[in-house]
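Structure record follows, encoded as structure tokens.
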Amino acid sequence: MKTFLSVLMIVVLALALLSPVYPFVLYVVGPRFSFALVFSIVFALIALEKVYAMFVRMRQKDLVKVERDWTSAAVGISYTLVMYLALVEFYWVVQAEVSWSLTIVGAVLYLGAVALRYWAFRHLGRQWVVHLDRNDADERVLIQDGPYGCIRHPLYAGACLEALAVPLIFNGVGAAVLACLTFIPLEVKRAMFEEKFLRQTFGAAYDDYAARVGGFFPRSRCD
């Protein structure tokens with residue numbers, strides 16, 4: 001099982017590292033139409049931000065060494081497929097018939113999602129890791145301020161919002177449906193997987209926190 005998960009993580013890393021190049025390959029081999037190059041550049045920038053946020057920013061070691069956390073590989077593959085499909089749809093379905101209202105809505109949602117992610121990163125500090133089962137309990141602190149005073153899973157909520165926003169930017173209906181059917185359920189499962197470790201680490205303190213603060217949606221007020 002460990003070997004299989006490690007292979008999946010290698011696939012995730014390969015897809016992620018190739019993603020900034022992918023739009024320009026489609027631009028060369030795909031049909032030519034208005035704004036194709038602009039949207040390819042936008043896709044490359046989105047891909048570069050994701051690679052930086054997930055794999056470069058914290059300079060984590062042993063990214064492909066997986067113990068039990070199958071969710072990291074699953075959400076990584078799902079997110080990349082959603083992204084790739086969004087651009088394929090743009091080149092071979094949407095082409096010049098861009099709905100700018102959808103693109104603008106998607107861009108606003110995307111910027112909000114990225115802002116939420118970095119807000120959460122700021123409060124997590126060096127506690128953030130790719131593989132959830134690699135957390136050192138002796139170094140963990142239960143974060144309950146910032147975005148974590150409003151929802152327990154701001155990183156995953158931001159990722160779900162982003163997975164819907166990117167297809168909207170590129171008018172990819174199929175990619176948006178794929179995000180709803182695969183990525184979002186996997187992110188919810190990842191949150192549940194993480195909560196098992198948090199309850200083992202913090203015990204009653206986490207139970208009290210979970211009783212006060214919503215998972216993906218705020219309750220009556222933020223702490």
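Please note that chains go A, B, ... in the order of the structure tokens, that every chain numbers its residues from 1, and that ligands are numbered from 1 in the order shown.
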Once you count only C-alpha atoms, what closest atom pair and distance in Å to one decimal does each residue of stretch 93-162 of chain A within 10 Å of stretch 179-183 of chain A have, with rows by chain and rising residue number, as a tab-separated table?
residue	atom	partner	partner_atom	distance
A:Ala159	CA	A:Phe183	CA	9.0
A:Cys160	CA	A:Phe183	CA	7.3
A:Leu161	CA	A:Ala179	CA	9.8
A:Glu162	CA	A:Ala179	CA	9.7
Could you please take those selected residues and save N, CA and C atoms as a PDB file, in the first residue's frame?
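Here's the written file part.pdb:
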ATOM      1  N   ALA A 159      -9.728  25.380  -1.212  1.00  0.00           N
ATOM      2  CA  ALA A 159      -9.413  24.492  -2.335  1.00  0.00           C
ATOM      3  C   ALA A 159     -10.671  24.105  -3.101  1.00  0.00           C
ATOM      4  N   CYS A 160     -11.767  23.836  -2.368  1.00  0.00           N
ATOM      5  CA  CYS A 160     -13.029  23.494  -3.033  1.00  0.00           C
ATOM      6  C   CYS A 160     -13.535  24.666  -3.869  1.00  0.00           C
ATOM      7  N   LEU A 161     -13.457  25.861  -3.292  1.00  0.00           N
ATOM      8  CA  LEU A 161     -13.885  27.057  -4.021  1.00  0.00           C
ATOM      9  C   LEU A 161     -13.021  27.268  -5.263  1.00  0.00           C
ATOM     10  N   GLU A 162     -11.743  27.022  -5.122  1.00  0.00           N
ATOM     11  CA  GLU A 162     -10.814  27.181  -6.241  1.00  0.00           C
ATOM     12  C   GLU A 162     -11.093  26.170  -7.350  1.00  0.00           C
TER      13      GLU A 162
END
Each stretch 81-187 of chain A residue no farther than 8 Å from stretch 27-43 of chain A, nearest pair in Å, only C-alpha atoms, as a tab-separated table:
residue	atom	partner	partner_atom	distance
A:Leu87	CA	A:Phe43	CA	7.8
A:Tyr91	CA	A:Gly30	CA	6.7
A:Trp92	CA	A:Pro31	CA	7.4
A:Gln95	CA	A:Phe33	CA	6.4
A:Ala96	CA	A:Ser34	CA	5.7
A:Phe170	CA	A:Phe39	CA	7.6
Could you write those residues out with all heavy atoms, as a tab-separated table (two decimals), in the first residue's frame?
chain	number	residue	atom	x	y	z
A	87	LEU	N	-9.02	23.43	-19.37
A	87	LEU	CA	-8.34	24.04	-20.52
A	87	LEU	C	-8.64	23.30	-21.82
A	87	LEU	O	-8.75	23.92	-22.88
A	87	LEU	CB	-6.83	24.08	-20.27
A	87	LEU	CG	-6.07	25.07	-21.17
A	87	LEU	CD1	-6.57	26.49	-20.95
A	87	LEU	CD2	-4.57	24.99	-20.91
A	91	TYR	N	-10.25	25.04	-25.22
A	91	TYR	CA	-9.66	25.00	-26.55
A	91	TYR	C	-10.56	24.31	-27.58
A	91	TYR	O	-10.61	24.72	-28.74
A	91	TYR	CB	-8.29	24.31	-26.51
A	91	TYR	CG	-7.15	25.30	-26.36
A	91	TYR	CD1	-6.62	25.59	-25.12
A	91	TYR	CD2	-6.63	25.95	-27.47
A	91	TYR	CE1	-5.59	26.50	-24.98
A	91	TYR	CE2	-5.60	26.87	-27.35
A	91	TYR	CZ	-5.08	27.13	-26.09
A	91	TYR	OH	-4.06	28.06	-25.96
A	92	TRP	N	-11.27	23.26	-27.16
A	92	TRP	CA	-12.00	22.48	-28.16
A	92	TRP	C	-13.52	22.63	-28.09
A	92	TRP	O	-14.21	22.14	-28.96
A	92	TRP	CB	-11.61	21.01	-28.05
A	92	TRP	CG	-10.38	20.71	-28.86
A	92	TRP	CD1	-10.34	20.42	-30.19
A	92	TRP	CD2	-9.03	20.72	-28.41
A	92	TRP	NE1	-9.04	20.23	-30.59
A	92	TRP	CE2	-8.21	20.41	-29.52
A	92	TRP	CE3	-8.42	20.95	-27.17
A	92	TRP	CZ2	-6.82	20.32	-29.43
A	92	TRP	CZ3	-7.04	20.87	-27.09
A	92	TRP	CH2	-6.26	20.57	-28.19
A	95	GLN	N	-13.69	27.86	-27.22
A	95	GLN	CA	-12.95	28.63	-28.22
A	95	GLN	C	-13.26	30.13	-28.11
A	95	GLN	O	-13.12	30.70	-27.02
A	95	GLN	CB	-13.23	28.07	-29.61
A	95	GLN	CG	-12.73	26.63	-29.76
A	95	GLN	CD	-12.77	26.11	-31.17
A	95	GLN	OE1	-13.21	26.78	-32.11
A	95	GLN	NE2	-12.31	24.89	-31.36
A	96	ALA	N	-13.68	30.76	-29.17
A	96	ALA	CA	-13.88	32.22	-29.13
A	96	ALA	C	-15.20	32.63	-28.46
A	96	ALA	O	-15.42	33.82	-28.21
A	96	ALA	CB	-13.82	32.80	-30.54
A	170	PHE	N	-12.45	29.39	-17.31
A	170	PHE	CA	-12.27	28.85	-18.66
A	170	PHE	C	-13.58	28.35	-19.28
A	170	PHE	O	-13.57	27.72	-20.33
A	170	PHE	CB	-11.22	27.74	-18.64
A	170	PHE	CG	-9.86	28.23	-18.26
A	170	PHE	CD1	-9.43	28.17	-16.94
A	170	PHE	CD2	-9.01	28.79	-19.19
A	170	PHE	CE1	-8.18	28.64	-16.55
A	170	PHE	CE2	-7.76	29.27	-18.83
A	170	PHE	CZ	-7.34	29.19	-17.51
Give me, as a ChimeraX atom specification, all polymer residues having an atom no more than 10 Å from A:Ala191, counting only C-alpha atoms and skipping those fewer than 6 positions away in the same chain. /A:71,132,152-153,155-157,185,215-216
Go ahead and save the picked residues with N, CA and C atoms, as a PDB file, in the first residue's frame.
ATOM      1  N   THR A  71      -5.216  10.477   1.033  1.00  0.00           N
ATOM      2  CA  THR A  71      -5.981  11.642   0.567  1.00  0.00           C
ATOM      3  C   THR A  71      -5.110  12.654  -0.164  1.00  0.00           C
ATOM      4  N   LEU A 132      -0.949  14.365   5.968  1.00  0.00           N
ATOM      5  CA  LEU A 132      -1.557  14.633   7.268  1.00  0.00           C
ATOM      6  C   LEU A 132      -1.052  13.714   8.370  1.00  0.00           C
ATOM      7  N   ARG A 152     -13.326  25.265  10.637  1.00  0.00           N
ATOM      8  CA  ARG A 152     -12.227  24.383  11.024  1.00  0.00           C
ATOM      9  C   ARG A 152     -11.313  24.032   9.851  1.00  0.00           C
ATOM     10  N   HIS A 153     -11.822  24.141   8.626  1.00  0.00           N
ATOM     11  CA  HIS A 153     -11.046  23.692   7.464  1.00  0.00           C
ATOM     12  C   HIS A 153     -10.971  24.773   6.373  1.00  0.00           C
ATOM     13  N   LEU A 155      -8.419  25.820   4.653  1.00  0.00           N
ATOM     14  CA  LEU A 155      -7.600  25.400   3.509  1.00  0.00           C
ATOM     15  C   LEU A 155      -8.408  24.545   2.540  1.00  0.00           C
ATOM     16  N   TYR A 156      -9.166  23.610   3.082  1.00  0.00           N
ATOM     17  CA  TYR A 156      -9.951  22.728   2.231  1.00  0.00           C
ATOM     18  C   TYR A 156     -11.139  23.473   1.623  1.00  0.00           C
ATOM     19  N   ALA A 157     -11.724  24.379   2.385  1.00  0.00           N
ATOM     20  CA  ALA A 157     -12.818  25.183   1.836  1.00  0.00           C
ATOM     21  C   ALA A 157     -12.307  26.043   0.685  1.00  0.00           C
ATOM     22  N   PRO A 185     -15.836  16.032  -2.907  1.00  0.00           N
ATOM     23  CA  PRO A 185     -16.013  14.926  -1.958  1.00  0.00           C
ATOM     24  C   PRO A 185     -14.697  14.424  -1.376  1.00  0.00           C
ATOM     25  N   GLY A 215     -17.372  23.209  10.250  1.00  0.00           N
ATOM     26  CA  GLY A 215     -16.320  22.589   9.463  1.00  0.00           C
ATOM     27  C   GLY A 215     -15.949  23.379   8.223  1.00  0.00           C
ATOM     28  N   PHE A 216     -16.888  23.467   7.272  1.00  0.00           N
ATOM     29  CA  PHE A 216     -16.651  24.185   6.020  1.00  0.00           C
ATOM     30  C   PHE A 216     -17.452  25.477   5.928  1.00  0.00           C
TER      31      PHE A 216
END
One-decimal distance in Å that lies between atom CA of A:Arg219 and atom CA of A:Ala205: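 Between atom CA of A:Ala205 and atom CA of A:Arg219 the gap is 18.6 Å.
In terms of minimum interatomic distance to A:Trp70, A:Phe4 ranks closest within A:Tyr209, A:Phe4, A:Tyr148, A:Phe202, counting only C-alpha atoms.
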Would you kindly return, as a PDB file with N, CA, C and O atoms, in the first residue's frame, each protein, DNA or RNA residue with an atom no farther than 10 Å from any atom of A:Arg140, considering only C-alpha atoms and excluding same-chain residues fewer than 6 positions away?
ATOM      1  N   LEU A 124      -1.301  28.869  10.278  1.00  0.00           N
ATOM      2  CA  LEU A 124      -0.754  27.538  10.535  1.00  0.00           C
ATOM      3  C   LEU A 124       0.754  27.561  10.691  1.00  0.00           C
ATOM      4  O   LEU A 124       1.326  26.781  11.453  1.00  0.00           O
ATOM      5  N   ARG A 126       4.473  26.726  10.270  1.00  0.00           N
ATOM      6  CA  ARG A 126       5.189  25.515   9.854  1.00  0.00           C
ATOM      7  C   ARG A 126       4.447  24.236  10.208  1.00  0.00           C
ATOM      8  O   ARG A 126       4.946  23.139   9.981  1.00  0.00           O
ATOM      9  N   GLN A 127       3.262  24.374  10.775  1.00  0.00           N
ATOM     10  CA  GLN A 127       2.462  23.175  11.065  1.00  0.00           C
ATOM     11  C   GLN A 127       1.825  22.586   9.817  1.00  0.00           C
ATOM     12  O   GLN A 127       1.392  21.429   9.827  1.00  0.00           O
ATOM     13  N   TRP A 128       1.749  23.385   8.740  1.00  0.00           N
ATOM     14  CA  TRP A 128       1.110  22.873   7.532  1.00  0.00           C
ATOM     15  C   TRP A 128       2.012  21.827   6.882  1.00  0.00           C
ATOM     16  O   TRP A 128       3.212  22.026   6.718  1.00  0.00           O
ATOM     17  N   LEU A 198      -6.317  14.913  14.606  1.00  0.00           N
ATOM     18  CA  LEU A 198      -6.429  16.050  15.519  1.00  0.00           C
ATOM     19  C   LEU A 198      -7.106  15.645  16.824  1.00  0.00           C
ATOM     20  O   LEU A 198      -6.716  16.115  17.905  1.00  0.00           O
ATOM     21  N   THR A 201      -4.635  13.841  18.852  1.00  0.00           N
ATOM     22  CA  THR A 201      -3.589  14.723  19.365  1.00  0.00           C
ATOM     23  C   THR A 201      -4.098  15.628  20.483  1.00  0.00           C
ATOM     24  O   THR A 201      -3.450  15.773  21.519  1.00  0.00           O
ATOM     25  N   PHE A 202      -5.273  16.233  20.293  1.00  0.00           N
ATOM     26  CA  PHE A 202      -5.754  17.260  21.215  1.00  0.00           C
ATOM     27  C   PHE A 202      -6.905  16.813  22.108  1.00  0.00           C
ATOM     28  O   PHE A 202      -7.281  17.531  23.035  1.00  0.00           O
TER      29      PHE A 202
END
For atom CA of A:Val51 and atom CA of A:Phe193, determine how far apart the two atoms are, in Å to one decimal place. 23.1 Å
